[in-house]
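Colleague: The following file, work-v1.txt, comprises compact mmCIF, C-alpha atoms:
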```txt
# COMPACT_ATOMS: atom_id res chain seq x y z
CA MET A 1082 -19.23 57.54 25.17
CA ALA A 1083 -18.18 57.64 21.50
CA ASN A 1084 -19.18 54.01 20.90
CA ARG A 1085 -22.76 54.31 22.16
CA THR A 1086 -25.77 54.28 19.85
CA ASP A 1087 -27.67 57.54 19.42
CA PRO A 1088 -30.39 57.69 22.07
CA ALA A 1089 -32.88 58.85 19.44
CA ALA A 1090 -32.17 55.81 17.25
CA ARG A 1091 -34.91 53.22 16.85
CA SER A 1092 -34.38 49.49 17.28
CA VAL A 1093 -33.84 47.50 14.08
CA HIS A 1094 -35.15 43.93 13.79
CA GLY A 1095 -35.92 44.06 17.50
CA THR A 1096 -32.41 44.91 18.67
CA ASN A 1097 -29.85 47.68 18.91
CA PRO A 1098 -28.68 48.64 15.39
CA GLN A 1099 -25.03 48.15 16.33
CA ASN A 1100 -25.80 44.55 17.34
CA LEU A 1101 -26.27 43.72 13.65
CA VAL A 1102 -22.46 43.63 13.57
CA GLU A 1103 -20.93 40.76 15.53
CA LYS A 1104 -19.29 41.63 18.84
CA ILE A 1105 -15.80 40.55 17.73
CA LEU A 1106 -16.02 42.67 14.60
CA ARG A 1107 -17.32 45.62 16.61
CA SER A 1108 -14.37 45.32 18.97
CA LYS A 1109 -12.00 45.32 16.00
CA ILE A 1110 -13.66 48.44 14.63
CA TYR A 1111 -13.54 50.22 17.99
CA GLN A 1112 -9.79 49.55 18.19
CA ASN A 1113 -9.15 50.74 14.64
CA THR A 1114 -7.24 54.01 14.20
CA TYR A 1115 -9.57 55.12 11.38
CA TRP A 1116 -12.55 54.78 13.71
CA LYS A 1117 -10.89 56.77 16.48
CA GLU A 1118 -9.53 59.57 14.28
CA GLN A 1119 -11.90 59.89 11.29
CA CYS A 1120 -15.27 58.66 12.58
CA PHE A 1121 -15.37 60.54 15.87
CA GLY A 1122 -18.17 63.14 15.96
CA LEU A 1123 -19.49 62.39 12.46
CA THR A 1124 -23.07 63.28 11.56
CA ALA A 1125 -25.27 62.34 8.65
CA GLU A 1126 -24.09 65.40 6.71
CA THR A 1127 -20.36 65.08 7.41
CA LEU A 1128 -20.37 61.31 6.82
CA VAL A 1129 -20.90 61.94 3.10
CA ASP A 1130 -17.47 63.57 2.81
CA LYS A 1131 -15.77 60.54 4.36
CA ALA A 1132 -17.72 58.20 2.08
CA MET A 1133 -16.58 60.15 -0.98
CA GLU A 1134 -12.94 59.50 0.01
CA LEU A 1135 -13.34 55.71 -0.11
CA ASP A 1136 -11.32 53.91 -2.79
CA HIS A 1137 -12.14 50.28 -1.88
CA PHE A 1138 -14.54 48.20 0.21
CA GLY A 1139 -14.41 44.95 2.17
CA GLY A 1140 -14.69 43.41 5.62
CA THR A 1141 -11.56 42.56 7.62
CA PHE A 1142 -8.06 41.68 6.44
CA GLY A 1143 -4.64 40.66 7.73
CA GLY A 1144 -3.55 38.32 10.50
CA ASN A 1145 -5.08 40.44 13.26
CA ARG A 1146 -8.31 40.92 11.22
CA LYS A 1147 -8.11 44.69 10.88
CA SER A 1148 -11.34 46.34 9.71
CA THR A 1149 -11.56 48.44 6.55
CA PRO A 1150 -12.76 52.09 6.44
CA PHE A 1151 -15.87 50.83 4.63
CA MET A 1152 -16.84 48.80 7.70
CA CYS A 1153 -16.05 51.68 10.04
CA LEU A 1154 -18.42 53.98 8.14
CA THR A 1155 -21.10 51.26 8.07
CA LEU A 1156 -20.95 50.90 11.85
CA LYS A 1157 -21.06 54.71 12.19
CA MET A 1158 -24.25 54.81 10.12
CA LEU A 1159 -25.76 52.12 12.37
CA GLN A 1160 -24.76 54.24 15.38
CA ILE A 1161 -26.21 57.56 14.23
CA GLN A 1162 -29.05 56.00 12.15
CA PRO A 1163 -29.53 58.59 9.36
CA GLU A 1164 -32.92 59.25 7.83
CA LYS A 1165 -34.26 57.02 5.07
CA GLU A 1166 -34.20 59.92 2.57
CA ILE A 1167 -30.45 60.36 3.12
CA VAL A 1168 -29.84 56.67 2.55
CA VAL A 1169 -31.91 56.75 -0.64
CA GLU A 1170 -29.83 59.69 -1.86
CA PHE A 1171 -26.69 57.67 -1.17
CA ILE A 1172 -28.07 54.88 -3.36
CA LYS A 1173 -29.12 57.21 -6.19
CA ASN A 1174 -25.74 58.95 -6.29
CA GLU A 1175 -24.21 58.08 -9.68
CA ASP A 1176 -21.02 60.12 -9.35
CA TYR A 1177 -19.44 58.22 -6.45
CA LYS A 1178 -19.81 54.46 -6.71
CA TYR A 1179 -18.51 53.71 -3.18
CA VAL A 1180 -21.10 56.11 -1.71
CA ARG A 1181 -23.74 54.17 -3.62
CA ILE A 1182 -22.69 50.73 -2.38
CA LEU A 1183 -22.30 52.09 1.18
CA GLY A 1184 -25.94 53.20 1.15
CA ALA A 1185 -27.02 49.91 -0.44
CA PHE A 1186 -25.17 47.88 2.21
CA TYR A 1187 -26.71 49.92 5.04
CA LEU A 1188 -30.22 49.59 3.58
CA ARG A 1189 -29.72 45.81 3.25
CA LEU A 1190 -28.94 45.65 6.99
CA VAL A 1191 -31.78 47.81 8.34
CA GLY A 1192 -34.36 48.07 5.54
CA LYS A 1193 -37.58 46.18 4.96
CA ALA A 1194 -37.84 43.49 2.31
CA THR A 1195 -39.90 45.65 -0.05
CA ASP A 1196 -37.49 48.59 0.28
CA VAL A 1197 -34.49 46.32 -0.31
CA TYR A 1198 -35.89 44.99 -3.60
CA GLN A 1199 -37.25 48.38 -4.65
CA TYR A 1200 -34.02 50.37 -4.22
CA LEU A 1201 -31.34 47.73 -4.82
CA GLU A 1202 -32.63 46.00 -7.95
CA PRO A 1203 -32.17 49.10 -10.17
CA LEU A 1204 -28.45 48.93 -9.34
CA TYR A 1205 -28.19 45.79 -11.47
CA ASN A 1206 -27.72 48.21 -14.38
CA ASP A 1207 -24.54 49.68 -12.84
CA TYR A 1208 -21.51 47.89 -14.31
CA ARG A 1209 -18.75 50.05 -12.87
CA LYS A 1210 -15.64 48.42 -11.45
CA LEU A 1211 -14.87 48.20 -7.73
CA ARG A 1212 -11.77 47.33 -5.70
CA ARG A 1213 -12.51 44.71 -3.08
CA MET A 1214 -10.03 43.89 -0.30
CA ASN A 1215 -9.53 40.19 0.39
CA SER A 1216 -8.87 38.62 3.75
CA ASP A 1217 -5.12 38.44 2.99
CA GLY A 1218 -4.87 42.19 2.40
CA GLY A 1219 -4.84 41.97 -1.41
CA PHE A 1220 -7.33 43.46 -3.85
CA CYS A 1221 -9.53 41.87 -6.46
CA LEU A 1222 -11.74 43.29 -9.20
CA CYS A 1223 -15.48 43.44 -8.64
CA HIS A 1224 -18.48 45.24 -10.16
CA VAL A 1225 -21.40 47.09 -8.65
CA ASP A 1226 -24.01 44.69 -10.05
CA GLU A 1227 -22.08 41.71 -8.65
CA PHE A 1228 -22.02 43.24 -5.18
CA ILE A 1229 -25.76 44.02 -5.37
CA ASP A 1230 -26.47 40.43 -6.43
CA GLU A 1231 -24.45 39.21 -3.44
CA LEU A 1232 -26.51 41.38 -1.10
CA LEU A 1233 -29.81 40.07 -2.49
CA ILE A 1234 -28.90 36.39 -2.72
CA SER A 1235 -26.19 35.63 -0.16
CA ASP A 1236 -26.60 35.45 3.62
CA TYR A 1237 -23.08 36.67 4.42
CA SER A 1238 -21.19 39.63 3.03
CA CYS A 1239 -18.17 41.67 4.20
CA ASP A 1240 -17.81 39.44 7.29
CA ILE A 1241 -21.35 40.34 8.45
CA ALA A 1242 -24.35 38.00 8.62
CA LEU A 1243 -27.10 39.69 6.64
CA PRO A 1244 -30.69 39.69 7.94
CA ARG A 1245 -32.94 37.26 6.15
CA VAL A 1246 -35.29 38.60 3.48
CA PRO A 1247 -38.05 36.60 1.74
CA LYS A 1248 -37.59 35.49 -1.83
CA ARG A 1249 -38.90 37.76 -4.53
CA TYR A 1250 -41.39 35.24 -5.92
CA THR A 1251 -42.89 34.90 -2.43
CA LEU A 1252 -43.52 38.62 -2.22
CA GLU A 1253 -44.95 38.65 -5.75
CA ALA A 1254 -47.30 35.76 -4.91
CA SER A 1255 -48.59 37.63 -1.87
CA ALA A 1256 -49.09 40.84 -3.97
CA VAL A 1257 -46.68 42.76 -1.76
CA LEU A 1258 -44.22 43.42 -4.57
CA GLU A 1259 -44.85 44.04 -8.23
CA PRO A 1260 -43.13 41.91 -10.86
CA ARG A 1261 -39.71 43.15 -11.75
CA ARG A 1262 -39.40 45.18 -14.90
CA SER A 1263 -36.16 44.63 -16.78
CA ALA A 1264 -34.31 47.53 -18.34
CA LEU A 1265 -34.21 45.58 -21.62
CA GLU A 1266 -37.99 45.72 -21.99
CA ASP A 1267 -37.75 49.20 -23.43
CA ASP A 1268 -35.44 47.92 -26.14
CA PHE A 1269 -37.84 45.09 -26.86
CA GLU A 1270 -40.71 47.51 -27.20
CA ASP A 1271 -38.74 49.57 -29.68
CA GLU A 1272 -38.02 46.48 -31.74
CA GLU A 1273 -41.67 45.50 -31.72
CA GLU A 1274 -42.65 48.98 -32.93
CA LYS A 1275 -40.22 48.71 -35.81
CA GLU A 1276 -41.63 45.32 -36.76
CA ASP A 1277 -45.14 46.75 -36.70
CA GLU A 1278 -44.06 49.48 -39.13
CA GLU A 1279 -42.60 46.90 -41.51
CA ASP A 1280 -45.58 44.56 -41.32
CA PRO A 1281 -47.69 46.29 -44.06
CA VAL A 1282 -44.96 45.76 -46.65
CA GLU A 1283 -44.63 42.11 -45.77
CA ALA A 1284 -48.40 41.71 -45.82
CA LEU A 1285 -48.55 43.05 -49.38
CA GLU A 1286 -45.91 40.58 -50.53
CA ILE A 1287 -47.82 37.72 -49.00
CA LEU A 1288 -51.03 38.82 -50.73
CA GLU A 1289 -49.28 38.90 -54.10
CA LEU A 1290 -48.05 35.35 -53.64
CA GLU A 1291 -51.54 34.20 -52.73
CA LYS A 1292 -52.98 35.79 -55.84
CA GLU A 1293 -50.45 34.10 -58.10
CA ARG A 1294 -51.22 30.75 -56.58
CA ARG A 1295 -54.96 31.26 -57.05
CA ARG A 1296 -54.45 32.18 -60.70
CA SER A 1297 -52.67 28.84 -61.41
CA PRO A 1298 -55.07 26.17 -62.80
CA GLN A 1299 -56.24 23.34 -60.59
CA ARG A 1300 -54.79 20.77 -62.94
CA GLU A 1301 -51.33 22.23 -62.55
CA ARG A 1302 -51.64 22.08 -58.80
CA ASP A 1303 -52.74 18.45 -58.98
CA ARG A 1304 -49.83 17.61 -61.28
CA ASP A 1305 -47.41 19.22 -58.90
CA ARG A 1306 -48.89 17.33 -56.00
CA ASP A 1307 -48.71 14.01 -57.83
CA ARG A 1308 -45.16 14.69 -58.84
CA ARG A 1309 -44.21 15.43 -55.24
CA ASP A 1310 -45.98 12.28 -54.05
CA GLY A 1311 -44.18 10.20 -56.66
CA TYR A 1312 -40.81 11.57 -55.68
CA ARG A 1313 -41.62 10.92 -52.09
CA ASP A 1314 -42.66 7.28 -52.72
CA ARG A 1315 -39.57 6.68 -54.83
CA ASP A 1316 -37.36 8.06 -52.11
CA ARG A 1317 -39.04 5.86 -49.52
CA GLY A 1318 -38.47 2.77 -51.66
CA ARG A 1319 -34.82 3.63 -52.17
CA ASP A 1320 -34.38 4.11 -48.45
CA ARG A 1321 -35.94 0.72 -47.70
CA ASP A 1322 -33.71 -1.02 -50.23
CA ARG A 1323 -30.65 0.73 -48.87
CA ASP A 1324 -31.51 -0.29 -45.31
CA ARG A 1325 -32.13 -3.89 -46.36
CA ASP A 1326 -28.80 -4.10 -48.16
CA ARG A 1327 -27.01 -2.57 -45.19
CA ASP A 1328 -28.53 -5.10 -42.77
CA ARG A 1329 -27.66 -7.99 -45.08
CA ASP A 1330 -24.05 -6.86 -45.39
CA ARG A 1331 -23.75 -6.41 -41.67
CA ASP A 1332 -25.08 -9.93 -40.97
CA ARG A 1333 -22.71 -11.39 -43.56
CA ASP A 1334 -19.73 -9.65 -41.98
CA ARG A 1335 -20.69 -10.89 -38.52
CA GLU A 1336 -21.02 -14.49 -39.73
CA ARG A 1337 -17.64 -14.27 -41.50
CA ASP A 1338 -15.96 -12.92 -38.37
CA ARG A 1339 -17.51 -15.66 -36.23
CA LEU A 1340 -16.30 -18.43 -38.56
CA ARG A 1341 -12.84 -16.92 -38.79
CA GLU A 1342 -12.57 -16.73 -35.00
CA ARG A 1343 -13.74 -20.32 -34.61
CA ASP A 1344 -11.13 -21.57 -37.09
CA ARG A 1345 -8.42 -19.60 -35.37
CA ASP A 1346 -9.32 -21.05 -31.96
CA ARG A 1347 -9.44 -24.58 -33.38
CA ASP A 1348 -5.96 -24.24 -34.93
CA TYR A 1349 -4.58 -22.82 -31.74
CA TYR A 1350 -5.86 -25.68 -29.60
CA ARG A 1351 -4.70 -28.25 -32.17
CA GLU A 1352 -1.16 -26.85 -32.03
CA ARG A 1353 -1.11 -26.56 -28.28
CA GLY A 1354 -2.95 -29.81 -27.56
CA ASP A 1355 0.19 -31.96 -27.15
CA TYR A 1356 1.73 -29.47 -24.75
CA TYR A 1357 -1.33 -29.35 -22.49
CA ARG A 1358 -1.69 -33.14 -22.66
CA GLU A 1359 1.87 -33.62 -21.41
CA LYS A 1360 1.25 -31.08 -18.66
CA ASP A 1361 -1.80 -33.07 -17.53
CA ARG A 1362 0.24 -36.29 -17.38
CA GLU A 1363 2.92 -34.64 -15.26
CA ARG A 1364 0.29 -33.19 -12.97
CA ASP A 1365 -1.26 -36.69 -12.52
CA ARG A 1366 2.14 -38.27 -11.78
CA ASP A 1367 2.92 -35.63 -9.18
CA TYR A 1368 -0.47 -36.14 -7.59
CA HIS A 1369 -0.01 -39.95 -7.31
CA ARG A 1370 3.54 -39.52 -6.01
CA ARG A 1371 2.34 -37.22 -3.26
CA ASP A 1372 -0.38 -39.74 -2.36
CA ARG A 1373 2.17 -42.55 -2.02
CA ASP A 1374 4.42 -40.40 0.16
CA ARG A 1375 1.55 -39.43 2.43
CA GLU A 1376 0.47 -43.10 2.75
CA ARG A 1377 4.00 -44.19 3.61
CA ASP A 1378 4.32 -41.47 6.25
CA ARG A 1379 1.02 -42.48 7.81
CA HIS A 1380 2.08 -46.14 7.91
CA ARG A 1381 5.40 -45.23 9.56
CA ASP A 1382 3.71 -43.06 12.17
CA ARG A 1383 1.21 -45.80 12.94
CA HIS A 1384 4.02 -48.36 13.31
CA ARG A 1385 5.97 -46.09 15.67
CA SER A 1386 2.96 -45.37 17.85
CA ARG A 1387 2.23 -49.11 18.12
CA SER A 1388 5.85 -49.85 19.13
CA ARG A 1389 5.79 -47.15 21.80
CA SER A 1390 2.56 -48.49 23.27
CA ARG A 1391 4.02 -52.03 23.48
CA GLU A 1392 7.16 -50.77 25.20
CA ARG A 1393 5.07 -48.87 27.76
CA GLU A 1394 3.03 -52.02 28.50
CA ARG A 1395 6.23 -54.07 28.92
CA ASP A 1396 7.73 -51.49 31.31
CA ARG A 1397 4.59 -51.53 33.43
CA SER A 1398 4.67 -55.36 33.60
CA MET A 1399 8.28 -55.48 34.92
CA SER A 1400 8.86 -56.25 38.68
CA PRO A 1401 9.51 -53.33 41.07
CA GLY A 1402 12.97 -54.64 42.04
CA THR A 1403 14.34 -54.55 38.52
CA ASP A 1404 17.32 -52.35 38.05
CA ARG A 1405 16.61 -48.87 36.64
CA LYS A 1406 19.52 -49.16 34.33
CA ARG A 1407 17.97 -52.23 32.75
CA ARG A 1408 14.68 -50.43 32.36
CA HIS A 1409 16.46 -47.51 30.74
CA ARG A 1410 18.38 -49.72 28.39
CA SER A 1411 15.27 -51.63 27.48
CA THR A 1412 13.70 -48.38 26.26
CA SER A 1413 16.78 -47.28 24.29
CA PRO A 1414 16.38 -46.79 20.53
CA SER A 1415 18.52 -49.86 19.79
CA SER A 1416 16.07 -52.12 21.58
CA ARG A 1417 12.86 -50.57 20.22
CA ARG A 1418 11.98 -53.35 17.84
CA ARG A 1419 8.90 -55.41 17.53
CA ARG A 1420 8.66 -58.96 18.77
CA THR A 1421 8.93 -61.61 16.16
CA ASP A 1422 5.93 -63.47 14.92
CA ASP A 1423 7.04 -66.71 16.66
CA GLY A 1424 7.01 -65.10 20.08
CA GLY A 1425 10.83 -64.76 20.43
CA LEU A 1426 12.64 -61.80 21.98
CA GLU A 1427 14.26 -59.08 19.98
CA GLU A 1428 18.01 -58.69 19.58
CA GLY A 1429 18.29 -55.95 22.26
CA GLU A 1430 16.39 -58.10 24.79
CA HIS A 1431 18.73 -61.10 24.23
CA ARG A 1432 21.73 -58.87 24.89
CA ILE A 1433 20.20 -57.61 28.14
CA ASP A 1434 19.61 -61.16 29.37
CA ARG A 1435 23.17 -62.19 28.54
CA ASP A 1436 24.55 -59.18 30.45
CA GLU A 1437 22.50 -60.16 33.49
CA GLU A 1438 23.70 -63.77 33.35
CA GLU A 1439 27.33 -62.64 33.13
CA LYS A 1440 26.89 -60.44 36.19
CA LYS A 1441 25.44 -63.35 38.15
CA LYS A 1442 28.36 -65.60 37.15
CA LYS A 1443 30.88 -62.97 38.24
CA LYS A 1444 29.17 -62.68 41.60
CA LYS A 1445 29.27 -66.47 42.07
CA SER A 1446 32.86 -66.81 40.90
CA LYS A 1447 34.06 -64.07 43.21
CA LYS A 1448 35.54 -65.79 46.31
CA GLU A 1449 35.12 -64.56 49.74
CA PRO A 1450 38.34 -63.55 51.52
CA VAL A 1451 40.03 -66.56 53.24
CA VAL A 1452 40.88 -65.98 56.84
CA ALA A 1453 43.25 -68.53 58.49
CA GLY A 1454 44.65 -68.09 61.94
CA GLY A 1455 43.50 -64.51 62.00
CA ILE A 1456 45.43 -63.80 58.74
CA ASP A 1457 43.60 -62.41 55.67
CA LEU A 1458 45.15 -64.29 52.78
CA GLY A 1459 43.63 -61.84 50.33
CA ASP A 1460 45.53 -58.94 51.80
CA PRO A 1461 48.04 -57.54 49.30
CA GLU A 1462 50.80 -57.43 51.93
CA ILE A 1463 50.22 -61.10 52.78
CA ILE A 1464 50.30 -62.00 49.11
CA ALA A 1465 53.58 -60.11 48.60
CA ALA A 1466 55.09 -61.84 51.68
CA ASN A 1467 54.07 -65.28 50.38
CA LYS A 1468 55.77 -64.54 47.02
CA LEU A 1469 58.98 -63.59 48.82
CA ARG A 1470 58.83 -66.75 50.97
CA ALA A 1471 58.28 -68.87 47.87
CA GLU A 1472 61.43 -67.43 46.31
CA LEU A 1473 63.41 -68.22 49.46
CA GLY A 1474 62.01 -71.75 49.54
CA LEU A 1475 59.94 -71.22 52.65
CA MET A 1476 56.42 -72.31 53.32
CA PRO A 1477 53.70 -69.70 52.75
CA LEU A 1478 51.78 -68.23 55.57
CA ARG A 1479 48.69 -70.23 56.48
```
Since I need it in another form, could you write the structure as structure tokens?
Modeller:
Amino acid sequence: MANRTDPAARSVHGTNPQNLVEKILRSKIYQNTYWKEQCFGLTAETLVDKAMELDHFGGTFGGNRKSTPFMCLTLKMLQIQPEKEIVVEFIKNEDYKYVRILGAFYLRLVGKATDVYQYLEPLYNDYRKLRRMNSDGGFCLCHVDEFIDELLISDYSCDIALPRVPKRYTLEASAVLEPRRSALEDDFEDEEEKEDEEDPVEALEILELEKERRRSPQRERDRDRDRRDGYRDRDRGRDRDRDRDRDRDRDRDRERDRLRERDRDRDYYRERGDYYREKDRERDRDYHRRDRDRERDRHRDRHRSRSRSRERERDRSMSPGTDRKRRHRSTSPSSRRRRTDDGGLEEGEHRIDRDEEEKKKKKKSKKEPVVAGGIDLGDPEIIAANKLRAELGLMPLR
């Protein structure tokens, strides 16, 4: 099938070369129209023509994550696995920048660590511009050296996880890779050569100055040295005096500010003293007033609880035959008063006793119906008949 790896291809990093691209991305590439139409039947020779037609690079883009032609050609190279010499020629091609970065990307996927550093680091000197497609389908500006730096440093590029390579200093420490030689070293060497050519002239000038100094008498040199030492001592003394005066002025200013602040605070509290004193008095009065109110409430509650307990004891001491109405009235609010100190009853209790006495008197005063000769004299009809007989002058019924 068209999507199979070349049977003659060797395994890379212990796996099928096409497995270096994730399965989801491979499926996207297989479904791409560019892969089906332009990459079918390509060989290492004909792939160069397709690479020369590239005008941008990138991974996938859009909502359905469509793959770019750059990724399609990368997967095609993994499928056919071109020779290393062809890949190196891709990288050394200076006319077509997208052919160069295609070869560099392929070498980063399948190459050894030494080959990666050896063939990709010289591309740091390529500053040409590139068009990179973003994930939203737009383009951004990039450079060849930036893309090469991403391949050497980053672990992920163009939606593909790059194989891990050791750090450069590790390979240098193990003597597998030589130290990197910068392209600017040639310029530095040229500058050093120019300085070497100018050195004889400068050396002659220095010798002339030395001779003039040797010709000057020793006494003159001593005088100059003493003069310099005197200037230096005088400057030191001036500096010490200046520092002393500065410290004294600073201490004086601090003391003046402290005294001024103290006086200002004292005046403020003197003016506001009466106000705060009156506030303290009001606060004390309110505090004592609240104490008196709380004490009065406690005394009232204690008095009420004592009255209730006495009433409960009195109710329990009453006889079982006592009328409920009396018991209810005895516990009414009007009769809830304390007994007097001399042992007398309260006003409500006197009224209850009087009511009971009146009821007894009414019961006693109520006559039983008089029955004479089988006639109930208390009958209303009998009473009315007796009134009528009295008016007629007759004797009442007996």
Colleague: Between atom CA of Tyr1237 of chain A and atom CA of Tyr1200 of chain A, what is the distance, to one decimal in Å?
Modeller: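 Atom CA of Tyr1200 of chain A lies 19.5 Å from atom CA of Tyr1237 of chain A.
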Colleague: So, counting all atoms listed in the file, which residue among A:Ile1110, A:Arg1391, A:Met1158, A:Asp1372 is closest to Ala1132 of chain A?
Modeller: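 Closest residue, counting all atoms listed in the file: A:Met1158.
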Colleague: In Å to one decimal, how far is atom CA of Ser1235 of chain A from atom CA of Asp1087 of chain A?
Modeller: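 One can read the atom CA of Asp1087 of chain A to atom CA of Ser1235 of chain A distance as 29.4 Å.
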Colleague: Using only C-alpha atoms, which of A:Val1225, A:Ile1172, A:Leu1473, A:Leu1243 sits nearest Phe1138 of chain A?
Modeller: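 With only C-alpha atoms as the atom set, the closest residue is A:Val1225.
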Colleague: Excluding same-chain residues fewer than 6 positions from Thr1195 of chain A, what lies within 9 Å of it counting all atoms listed in the file, as a PDB file with C-alpha atoms, in the coordinates of the input?
Modeller:
```pdb
ATOM      1  CA  LEU A1252     -43.520  38.620  -2.220  1.00  0.00           C
ATOM      2  CA  VAL A1257     -46.680  42.760  -1.760  1.00  0.00           C
ATOM      3  CA  LEU A1258     -44.220  43.420  -4.570  1.00  0.00           C
TER       4      LEU A1258
END
```
Colleague: Hey, can you check how far atom CA of Arg1329 of chain A sits from atom CA of Arg1345 of chain A?
Modeller: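 Separation between atom CA of Arg1329 of chain A and atom CA of Arg1345 of chain A: 24.5 Å.
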Colleague: Rank A:Ile1182, A:Val1169, A:Val1197, A:Ala1125 by their smallest atom-to-atom distance to Phe1151 of chain A, using only C-alpha atoms, and report the top residue only.
Modeller: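 Comparing A:Ile1182, A:Val1169, A:Val1197, A:Ala1125 against Phe1151 of chain A, the winner is A:Ile1182.
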Colleague: With all atoms listed in the file as the basis for distance, which of A:Arg1333, A:Lys1147, A:Arg1343, A:Arg1325 is at the shortest distance from Ser1108 of chain A?
Modeller: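 Once distances to Ser1108 of chain A are computed over all atoms listed in the file, the minimum belongs to A:Lys1147.
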Colleague: Please list as a PyMOL selection string every residue within 6 Å of Gly1218 of chain A, counting only C-alpha atoms and excluding residues in the same chain fewer than 2 positions away.
Modeller: chain A and resi 1142-1143+1215-1216
Colleague: Can you pull out the residues contacting Met1133 of chain A? Cut-off 7 Å, using all atoms listed in the file, and skip same-chain residues under 3 positions away; I want them as a list in words.
Modeller: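 Within the cut-off, the hits are Val1129, Asp1130, Tyr1177 and Val1180 of chain A.
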Colleague: Could you write out that same residue set with C-alpha atoms as a PDB file, in the coordinates of the input?
Modeller:
```pdb
ATOM      1  CA  VAL A1129     -20.900  61.940   3.100  1.00  0.00           C
ATOM      2  CA  ASP A1130     -17.470  63.570   2.810  1.00  0.00           C
ATOM      3  CA  TYR A1177     -19.440  58.220  -6.450  1.00  0.00           C
ATOM      4  CA  VAL A1180     -21.100  56.110  -1.710  1.00  0.00           C
TER       5      VAL A1180
END
```
